[in-house]
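Comments concern the structure below.
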Amino acid sequence: MLIKDFKKLLAEVIDFVREDFTWKKYAYAAGLIVLLDLLQINFDFYNAVTAHWVNDGIAWLALPALYIIIYYAMLVPTVLLSGEGWRLRQWQVWVWPAALAVLQGVSQYSIPHEALCNKAHLTMYEIYFVSSSLVFFTRGCVVLLGICTFRYITERRFALPGLQRNASYINVYLTVFMIMFPALVVFAGTPDFLSYYPRFKYWLATGAFGLETWQHIAIFDVSYGIDFLSVETLYRGAFVLGMLRWLGPRCVLPMVALYVSVHMGKPAVEMCTAAIGGYLLGILAYRTKHLWGGVIVHVAIALSIEVLTTMWHLSL
């Protein structure tokens, strides 16, 4: 079964590449993604720059601007190198993605979590528990509510297919997870991963609000899952399925560039592989018009990393 599903996955990728590939375009795309990786790995670009933005109180404005620049730095050249400059004459190509990039940027600094915790006079365990869970919950909700509002304002002219249930490709998506899982096991114990994960160290929330450990973990996992639901809805949903009407297959590479940029600040291996994972999930979303498979894979990967890195921390 796994071999059959792998062949199906491979066939989808090959068919898409045949439809989308030109040497110049993919060379440019690879160069831009490598540049983003090098900026982060060599100069810690994301943390260094955003720290100044946060201190200056302009992160809510500067971060969306950065995402817009990255998106169009990929979109415009790759569309032109495809010989489809006419796509750039559609106003939707300039308005919809820019609005979505703003939504992504604003969601990351929309709620002052630390200030709220300090005003509530919580213990350090309660502050850790609330801030760890709340940051993902609010970020996910801001994105999901933003997309719903966006569709309402545009009177559904911004279509978002893929929300209907469709189990026909679930096995293909699960194959993506099975392919990636051995790599997760290998990298989970590396210093780079252990310095960032797990995102919820349950032992730092001991006794918070009188809850048991399993209750802390369950609440965090729900919050974490909502965040990844919003990620798939935004990237494979809005940026791919929402834009394919105007961009066709050219909607995938700009999404990948933006997806890589939001992995800045995470372990180097994760950021470098985000391009591959984002590309595969983008292709599957484009080919299947199906969103929920990507949600399942993304949540499964995220929770696997949490479990594996927690096991490593407990064994050290």
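Residue numbering restarts at 1 for every chain of the structure tokens, chains are lettered A, B, ... in their displayed order, and ligands are numbered from 1 as they appear.
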
Interface rows for segment 189-279 of chain A against segment 69-75 of chain A: nearest pair, Å to one decimal, 10 Å, only C-alpha atoms, as a tab-separated table:
```
residue	atom	partner	partner_atom	distance
A:Leu247	CA	A:Leu75	CA	9.5
A:Arg250	CA	A:Leu75	CA	7.7
A:Cys251	CA	A:Leu75	CA	7.8
A:Val252	CA	A:Leu75	CA	9.2
A:Leu253	CA	A:Met74	CA	7.0
A:Pro254	CA	A:Met74	CA	5.1
A:Met255	CA	A:Tyr71	CA	7.1
A:Val256	CA	A:Tyr71	CA	8.8
A:Ala257	CA	A:Tyr71	CA	6.5
A:Leu258	CA	A:Tyr71	CA	5.7
A:Tyr259	CA	A:Tyr71	CA	9.3
A:Val260	CA	A:Ile70	CA	9.8
A:Ser261	CA	A:Ile70	CA	7.8
```

Residues of segment 19-259 of chain A in helix (DSSP H, G or I), written as a ChimeraX atom specification: /A:19-20,23-43,45-56,59-81,85-89,91-108,113-119,124-153,167-187,191-194,202-205,208-210,213-241,244-259

Close residues, Val172 of chain A itself excluded, 7 Å, only C-alpha atoms, min 5 positions apart in chain, as number ranges by chain: A: 5-6, 8-9

Could you save the residues just selected, with N, CA and C atoms, as a PDB file, in the first residue's frame?
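What landed in again09.pdb:
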```pdb
ATOM      1  N   ASP A   5       0.957   4.189  -2.819  1.00  0.00           N
ATOM      2  CA  ASP A   5       0.686   5.597  -2.506  1.00  0.00           C
ATOM      3  C   ASP A   5       1.882   6.475  -2.839  1.00  0.00           C
ATOM      4  N   PHE A   6       3.097   5.946  -2.630  1.00  0.00           N
ATOM      5  CA  PHE A   6       4.296   6.707  -2.980  1.00  0.00           C
ATOM      6  C   PHE A   6       4.347   6.957  -4.486  1.00  0.00           C
ATOM      7  N   LYS A   8       1.802   7.154  -6.431  1.00  0.00           N
ATOM      8  CA  LYS A   8       0.754   8.140  -6.724  1.00  0.00           C
ATOM      9  C   LYS A   8       1.237   9.546  -6.398  1.00  0.00           C
ATOM     10  N   LEU A   9       1.933   9.671  -5.255  1.00  0.00           N
ATOM     11  CA  LEU A   9       2.503  10.963  -4.872  1.00  0.00           C
ATOM     12  C   LEU A   9       3.536  11.411  -5.901  1.00  0.00           C
TER      13      LEU A   9
END
```

All residues 8 Å or closer to Ile226 of chain A, only C-alpha atoms, same chain fewer than 2 positions away omitted, as a PyMOL selection string: chain A and resi 136-137+140-141+222-224+228-230

Write the residues of the preceding selection, restricted to N, CA, C and O atoms, as a PDB file, in the first residue's frame.
```pdb
ATOM      1  N   PHE A 136      -0.208  30.481  20.436  1.00  0.00           N
ATOM      2  CA  PHE A 136      -0.617  29.693  19.271  1.00  0.00           C
ATOM      3  C   PHE A 136      -2.118  29.805  19.019  1.00  0.00           C
ATOM      4  O   PHE A 136      -2.558  29.894  17.870  1.00  0.00           O
ATOM      5  N   PHE A 137      -2.886  29.792  20.104  1.00  0.00           N
ATOM      6  CA  PHE A 137      -4.337  29.886  19.963  1.00  0.00           C
ATOM      7  C   PHE A 137      -4.752  31.206  19.321  1.00  0.00           C
ATOM      8  O   PHE A 137      -5.525  31.226  18.364  1.00  0.00           O
ATOM      9  N   GLY A 140      -3.545  31.517  15.629  1.00  0.00           N
ATOM     10  CA  GLY A 140      -4.372  30.715  14.740  1.00  0.00           C
ATOM     11  C   GLY A 140      -5.741  31.320  14.531  1.00  0.00           C
ATOM     12  O   GLY A 140      -6.247  31.372  13.407  1.00  0.00           O
ATOM     13  N   CYS A 141      -6.342  31.806  15.608  1.00  0.00           N
ATOM     14  CA  CYS A 141      -7.683  32.395  15.506  1.00  0.00           C
ATOM     15  C   CYS A 141      -7.672  33.676  14.688  1.00  0.00           C
ATOM     16  O   CYS A 141      -8.602  33.932  13.915  1.00  0.00           O
ATOM     17  N   VAL A 222      -4.320  21.268  21.709  1.00  0.00           N
ATOM     18  CA  VAL A 222      -5.460  21.834  20.981  1.00  0.00           C
ATOM     19  C   VAL A 222      -5.086  23.207  20.428  1.00  0.00           C
ATOM     20  O   VAL A 222      -5.351  23.518  19.259  1.00  0.00           O
ATOM     21  N   SER A 223      -4.450  24.014  21.255  1.00  0.00           N
ATOM     22  CA  SER A 223      -4.012  25.336  20.823  1.00  0.00           C
ATOM     23  C   SER A 223      -3.013  25.238  19.677  1.00  0.00           C
ATOM     24  O   SER A 223      -3.110  25.955  18.678  1.00  0.00           O
ATOM     25  N   TYR A 224      -2.063  24.341  19.827  1.00  0.00           N
ATOM     26  CA  TYR A 224      -1.028  24.115  18.803  1.00  0.00           C
ATOM     27  C   TYR A 224      -1.665  23.644  17.496  1.00  0.00           C
ATOM     28  O   TYR A 224      -1.280  24.074  16.411  1.00  0.00           O
ATOM     29  N   PHE A 228      -1.730  25.248  13.492  1.00  0.00           N
ATOM     30  CA  PHE A 228      -1.350  24.559  12.261  1.00  0.00           C
ATOM     31  C   PHE A 228      -2.519  24.443  11.287  1.00  0.00           C
ATOM     32  O   PHE A 228      -2.320  24.397  10.072  1.00  0.00           O
ATOM     33  N   LEU A 229      -3.738  24.389  11.815  1.00  0.00           N
ATOM     34  CA  LEU A 229      -4.910  24.469  10.951  1.00  0.00           C
ATOM     35  C   LEU A 229      -4.911  25.801  10.205  1.00  0.00           C
ATOM     36  O   LEU A 229      -5.176  25.858   8.997  1.00  0.00           O
ATOM     37  N   SER A 230      -4.577  26.871  10.920  1.00  0.00           N
ATOM     38  CA  SER A 230      -4.545  28.192  10.286  1.00  0.00           C
ATOM     39  C   SER A 230      -3.426  28.283   9.265  1.00  0.00           C
ATOM     40  O   SER A 230      -3.582  28.926   8.224  1.00  0.00           O
TER      41      SER A 230
END
```

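Nearest residue to Ala285 of chain A among A:Trp96, A:Phe16, A:Tyr152, A:Tyr128 is A:Phe16, counting only C-alpha atoms.
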
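For the residues A:Ala208, A:Phe43, A:Tyr169, A:Met180, ranking by smallest atom-to-atom distance to Ile276 of chain A using only C-alpha atoms places A:Met180 first.
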
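The list of residues with at least one atom within 10 Å of Tyr28 of chain A, based on only C-alpha atoms and without residues fewer than 4 positions apart in the same chain, reads A:Trp23, A:Lys24, A:Leu32, A:Ile33, A:Val34, A:Met74, A:Pro77, A:Thr78, A:Leu81.
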